[in-house]
Amino acid sequence: MYTLLLCWRYLRTRWIALASVISVTLGVATMIVVNAVMAGFAHEMQSRIHGILSDLVFESHSLSGFQDPDWHMEEIRRAAGDDVEGMTPTVAVPAMLNFHVRGQWVTRQVMLIGIDEKTHAAVSDFGRYLQHPDNRSQLSFDLREGGYDTIDSQTKGETQVATRPALEGAGWPHRRMRVERERLWRERQAQERGTEQAGGGSGDGGSQSSGADSSGPVRPVDHQVDAVLAATNNAPAPEEALAPTAEAHPPTAPVDPFKAAKPEEGRTMDMAKEQFTGIVPGIGLASFRDASGVDRFLVLPGDDVKITFPTAATPPKAVTDTFTIVDFYESKMSEYDSNFVFVPIGQLERMRGMIDPQTGVGSVNSIQIRLRPGADLDAVRDRLRSAFPPDMYAVSSWKDKQGPLLSAVDMEMAVLNILLFMIVAVAGFGILAIFFMIVVEKTRDIGILKSLGASSAGIAGIFLGYGLFLGLLGAGAGLALGLGITWNINRIRVLVEWCTGERVFDPSIYYFFRIPTIVDPATIAWIIAGAVGIAVAASVLPALRAARLHPVEALRHD
Amino acid sequence: MIDTSRMEAPLLEVRGIHKAYRSGGGMLEVLRGVDFECPPSGFVAVIGQSGSGKSTLLHLMGLLDSPDGGEVLLGGERIDNLPASRRDRLRNTDIGMVFQAYHLLPELNALENVLAPLLVRHGVGAWFRHRKEARRRAEELLCRFGLSARLHHKPRQLSGGEMQRVAIARALVARPRLLLADEPTGNLDEASGAGILDALCELNRDDGLSIVLVTHDQSIARRADRIVRLVSGRVEGL
């Protein structure tokens, strides 16, 4: 009993010891905050990666893919059993995306992914990342009559997010307006031509369309205009019609715009009412975020773009076709958002010549598989791996695909935790030093207690208990502080930004609008246990010293 | 020098005790074969100059230290070679000690200081069972020594005489068989010292408590039933 009483009294009367505990408090608080934020980031990243990738990806090694996805899906279902919840075939090819912004062509290297809009949303969170509410529930590659979100749907009611006014009129209204503007521009050009009667490049390239002949290279801007004005074929063209209709690459095959303007099938497309094959590019391809966090769009849903991609032939030939943007895809992983372009899988198969002309059976690159919740990812993957010849097919989980990234984050967390734990360990040495001083100070009291019959174990118990109390106190205060910071971290961020005038957390870099945090009770339990353990361990030596004091000498001590 | 005629079984007996301390390079022999005994309800004063070994003798009797040779017996049983836990127990239950410098615990108030031996004896559970009774006993003792108004004062708020009376109350709270007092009046002025001495005599006379008192002061020693004189580690007969 005296052990407890004296611990308590020492705790209340020795404020200096509390000073040593402050470092424990700070260490614990820092660890809690850092772990929560790191876990938040890691979780956010994982859920994003996982949201884009399905649980398992079954793919062929070759770019031309494998035939008959339905048969493969059946085989997969047979091999994996009931663990499979959903499957969808995809075709992925590297491609180039070209679009026209303010008199310049922008070319982006992209991954063109053919998806089945009916089933794709079932295997990943793909649908969640679209900008039109209807597309989120069921994707359609038909252009929508407006109604795109001007507020990012993934921000969960955060008010301070910059809106996207540009998306207000996106869709058919934007398309009609653009067609009208181009018509007016053409009329003006025609007038100017009538008065000026001059050919040749006047810099903006607009006059090219008048006197252009096959003598000079056709300026890219003409292609854009011409494509818009005189698109000759419906987008779902038969594969052999593909190459001639789509404008070939400007340097390789200059095309007479007038020739292109002639409708091949005897019909001019009404640009204001019709669209090309719909595509959903990543939002990073079409926009950039400026320093104030506002998204600036280069193209909008309703605009047309050109995509150049290889056919499935050997050797592959590059073909180009025109597509209409129908929505944007925003997973908040810039790696994906600035790389992926989604098209309907049927169109892509046709354009690339991946459909067997005899049987009409298509080929695909890969099959995305979603497993039922709770299924063992690696086990199913290994089962599939053994069921299919590995020299033809690769089966990987989403974790395999992002393995280096995920393990880098884990590694980072581990190293940070070790470093931070060192801080707490340093605090332990502070406790050790202060405890030695307290033992020296209390030498006479120790002698008195021994003369009253206290055992050595009891004396050691006083100081161990004292260390335990201090550790608990420090860790408890650290817990409170850490959780307080974690739960208010975004408010603190705003405050710090206001004080320093610097952006601490730039949403244009991270794609998050707020710092994500996850408080994991197990982690906190470990941190607390570690901190208390260190405090107790630091008091072991002083406690032993106190226990070993000779009562007579202790009593004589002044 | 041993008065065998007066009593048959001494409460405390010390036989041929030797004790040496390492000091500097060599050994300093403090006690060189001391024989000593205290009868039940006896009041024995040990008198000697500074450095004569009287405090060391007291520490050996109080089991704070172990002799190099000889033995200490309490109630006819040898106690100096008991295991540490038994010795701790004996110190707690059978022996009360009073020191020259009071040796109160500064963090505890007068009442808690008096209760300290009982706190040491009982674990948490047992303490809560015995708390009421222990408190009553401690308050009773403090009142008896005229400290009823000082129960909740910390030692630093008490005078020397008051502190020593608290220390005596603490020594008695566990109802020991033997009280060892090491210069209990050494730090006190004459009046307070006399008060302490009167209290000790009264305890010996009224309660039959056995007291061994160590002092260098002849006049104090005279209050005891018997006086043992220590000179350079040996008992000198009277």
# chains A, B, ... in the order shown; residues from 1 in each chain; ligands from 1
call {"tool": "residues_around", "arguments": {"residues": "stretch 28-38 of chain B", "least_positions_apart": "5", "cutoff": "8 Å", "atoms": "only C-alpha atoms", "output": "JSON, numbers by chain"}}
result
{"B": [2, 10, 11, 12, 13, 14, 15, 16, 17, 18, 19, 20, 21, 22, 23, 43, 44, 51, 52, 53, 56, 57, 70, 210, 212, 228, 232, 233, 234, 235]}
call {"tool": "residues_around", "arguments": {"residues": "B:Ser50", "least_positions_apart": "3", "cutoff": "10 Å", "atoms": "only C-alpha atoms", "output": "JSON, numbers by chain"}}
result
{"B": [47, 53, 54, 55, 215, 216, 231, 232]}
call {"tool": "select_by_dssp", "arguments": {"residues": "stretch 15-143 of chain A", "states": "helix (DSSP H, G or I)", "output": "ChimeraX atom specification"}}
result
/A:15-52,69-83,120-123,126-129,133-137
call {"tool": "interface_residues", "arguments": {"of": "chain B", "to": "chain A", "cutoff": "6 Å", "atoms": "only C-alpha atoms", "output": "ChimeraX atom specification"}}
result
/B:64,88-89,91-92,117,119-120,123-124
call {"tool": "write_last_selection", "arguments": {"atoms": "C-alpha atoms", "output": "JSON list (two decimals), in the first residue's frame"}}
result
[["chain", "number", "residue", "atom", "x", "y", "z"],
["B", 64, "LEU", "CA", 19.33, -2.83, 9.79],
["B", 88, "ASP", "CA", 11.87, -7.13, 7.18],
["B", 89, "ARG", "CA", 8.84, -8.63, 8.86],
["B", 91, "ARG", "CA", 11.46, -4.90, 11.86],
["B", 92, "ASN", "CA", 7.93, -4.12, 10.94],
["B", 117, "PRO", "CA", 4.51, 0.85, 9.38],
["B", 119, "LEU", "CA", 0.97, 0.74, 5.32],
["B", 120, "VAL", "CA", 4.20, -1.18, 4.83],
["B", 123, "GLY", "CA", -1.07, -4.79, 0.84],
["B", 124, "VAL", "CA", -3.72, -2.72, -0.85]]
call {"tool": "residues_around", "arguments": {"residues": "stretch 35-46 of chain A", "least_positions_apart": "3", "cutoff": "7 Å", "atoms": "only C-alpha atoms", "output": "number ranges by chain"}}
result
A: 31-32, 49-50, 409, 413, 486, 516-519
call {"tool": "write_last_selection", "arguments": {"atoms": "N, CA and C atoms", "output": "PDB file, in the first residue's frame"}}
result
ATOM      1  N   MET A  31       3.914  10.407 -32.943  1.00  0.00           N
ATOM      2  CA  MET A  31       3.733   9.090 -33.561  1.00  0.00           C
ATOM      3  C   MET A  31       2.276   8.875 -33.957  1.00  0.00           C
ATOM      4  N   ILE A  32       1.389   9.294 -33.092  1.00  0.00           N
ATOM      5  CA  ILE A  32      -0.027   9.075 -33.399  1.00  0.00           C
ATOM      6  C   ILE A  32      -0.422   9.869 -34.639  1.00  0.00           C
ATOM      7  N   ILE A  49      -5.978   3.045 -55.985  1.00  0.00           N
ATOM      8  CA  ILE A  49      -5.392   2.055 -56.886  1.00  0.00           C
ATOM      9  C   ILE A  49      -6.372   0.907 -57.074  1.00  0.00           C
ATOM     10  N   HIS A  50      -6.923   0.483 -55.949  1.00  0.00           N
ATOM     11  CA  HIS A  50      -7.834  -0.641 -56.014  1.00  0.00           C
ATOM     12  C   HIS A  50      -9.111  -0.254 -56.736  1.00  0.00           C
ATOM     13  N   VAL A 409       5.515   2.692 -49.550  1.00  0.00           N
ATOM     14  CA  VAL A 409       4.780   3.392 -48.493  1.00  0.00           C
ATOM     15  C   VAL A 409       4.937   2.661 -47.165  1.00  0.00           C
ATOM     16  N   MET A 413       6.673   4.098 -43.767  1.00  0.00           N
ATOM     17  CA  MET A 413       6.002   4.116 -42.470  1.00  0.00           C
ATOM     18  C   MET A 413       6.852   3.430 -41.420  1.00  0.00           C
ATOM     19  N   THR A 486      -4.851  15.078 -34.679  1.00  0.00           N
ATOM     20  CA  THR A 486      -5.308  14.282 -35.817  1.00  0.00           C
ATOM     21  C   THR A 486      -6.707  14.683 -36.247  1.00  0.00           C
ATOM     22  N   PRO A 516      -5.986  13.288 -45.355  1.00  0.00           N
ATOM     23  CA  PRO A 516      -6.719  12.110 -44.881  1.00  0.00           C
ATOM     24  C   PRO A 516      -6.047  11.519 -43.649  1.00  0.00           C
ATOM     25  N   THR A 517      -6.849  11.102 -42.694  1.00  0.00           N
ATOM     26  CA  THR A 517      -6.275  10.473 -41.505  1.00  0.00           C
ATOM     27  C   THR A 517      -7.084   9.229 -41.162  1.00  0.00           C
ATOM     28  N   ILE A 518      -6.379   8.240 -40.664  1.00  0.00           N
ATOM     29  CA  ILE A 518      -7.047   7.043 -40.152  1.00  0.00           C
ATOM     30  C   ILE A 518      -6.449   6.741 -38.794  1.00  0.00           C
ATOM     31  N   VAL A 519      -7.279   6.693 -37.788  1.00  0.00           N
ATOM     32  CA  VAL A 519      -6.804   6.362 -36.448  1.00  0.00           C
ATOM     33  C   VAL A 519      -7.038   4.870 -36.236  1.00  0.00           C
TER      34      VAL A 519
END
call {"tool": "closest_residue", "arguments": {"among": "A:Thr88, A:Gln347, A:Val33, A:Val110", "to": "A:Asn488", "atoms": "only C-alpha atoms"}}
result
A:Val33
call {"tool": "residues_around", "arguments": {"residues": "stretch 121-127 of chain A", "least_positions_apart": "5", "cutoff": "10 Å", "atoms": "only C-alpha atoms", "output": "number ranges by chain"}}
result
A: 47-56, 84-88, 115-116, 132-139, 329-331, 368-371
call {"tool": "residues_around", "arguments": {"residues": "B:Lys154", "least_positions_apart": "6", "cutoff": "8 Å", "atoms": "only C-alpha atoms", "output": "NGL selection string"}}
result
:B and (106-110)
call {"tool": "residues_around", "arguments": {"residues": "stretch 99-105 of chain B", "least_positions_apart": "4", "cutoff": "8 Å", "atoms": "only C-alpha atoms", "output": "list in words"}}
result
Arg444, Asp445 and Ile448 of chain A; Asn113, Pro155, Met163, Gln164, Ala167, Ala181, Asp182, Glu183, Pro184, Thr185, Gly186 and Asn187 of chain B
call {"tool": "write_last_selection", "arguments": {"atoms": "C-alpha atoms", "output": "short mmCIF file (atom, residue, chain, number, x, y, z; two decimals), in the first residue's frame"}}
result
data_model
loop_
_atom_site.label_atom_id
_atom_site.label_comp_id
_atom_site.auth_asym_id
_atom_site.auth_seq_id
_atom_site.Cartn_x
_atom_site.Cartn_y
_atom_site.Cartn_z
CA ARG A 444 17.18 8.82 3.45
CA ASP A 445 13.49 8.10 2.93
CA ILE A 448 13.49 5.08 6.78
CA ASN B 113 3.77 9.02 8.98
CA PRO B 155 6.73 17.30 9.09
CA MET B 163 8.40 15.60 15.06
CA GLN B 164 10.10 13.34 17.57
CA ALA B 167 8.35 9.47 15.31
CA ALA B 181 15.93 4.86 20.42
CA ASP B 182 19.06 6.43 18.94
CA GLU B 183 19.80 9.73 20.70
CA PRO B 184 16.13 10.68 20.61
CA THR B 185 16.78 13.98 22.34
CA GLY B 186 20.01 14.85 20.53
CA ASN B 187 18.51 17.48 18.26
#
call {"tool": "closest_residue", "arguments": {"among": "A:Gly302, A:Pro89, A:Pro165, A:Gly103", "to": "A:Leu143", "atoms": "only C-alpha atoms"}}
result
A:Gly302
call {"tool": "atom_distance", "arguments": {"atom1": "atom CA of A:Leu419", "atom2": "atom CA of A:Leu468"}}
result
23.0 Å
call {"tool": "atom_distance", "arguments": {"atom1": "atom CA of B:Leu118", "atom2": "atom CA of A:Phe463"}}
result
19.9 Å
call {"tool": "closest_residue", "arguments": {"among": "A:Arg381, A:Phe323, A:Val101, A:Thr277", "to": "A:Phe297", "atoms": "only C-alpha atoms"}}
result
A:Val101
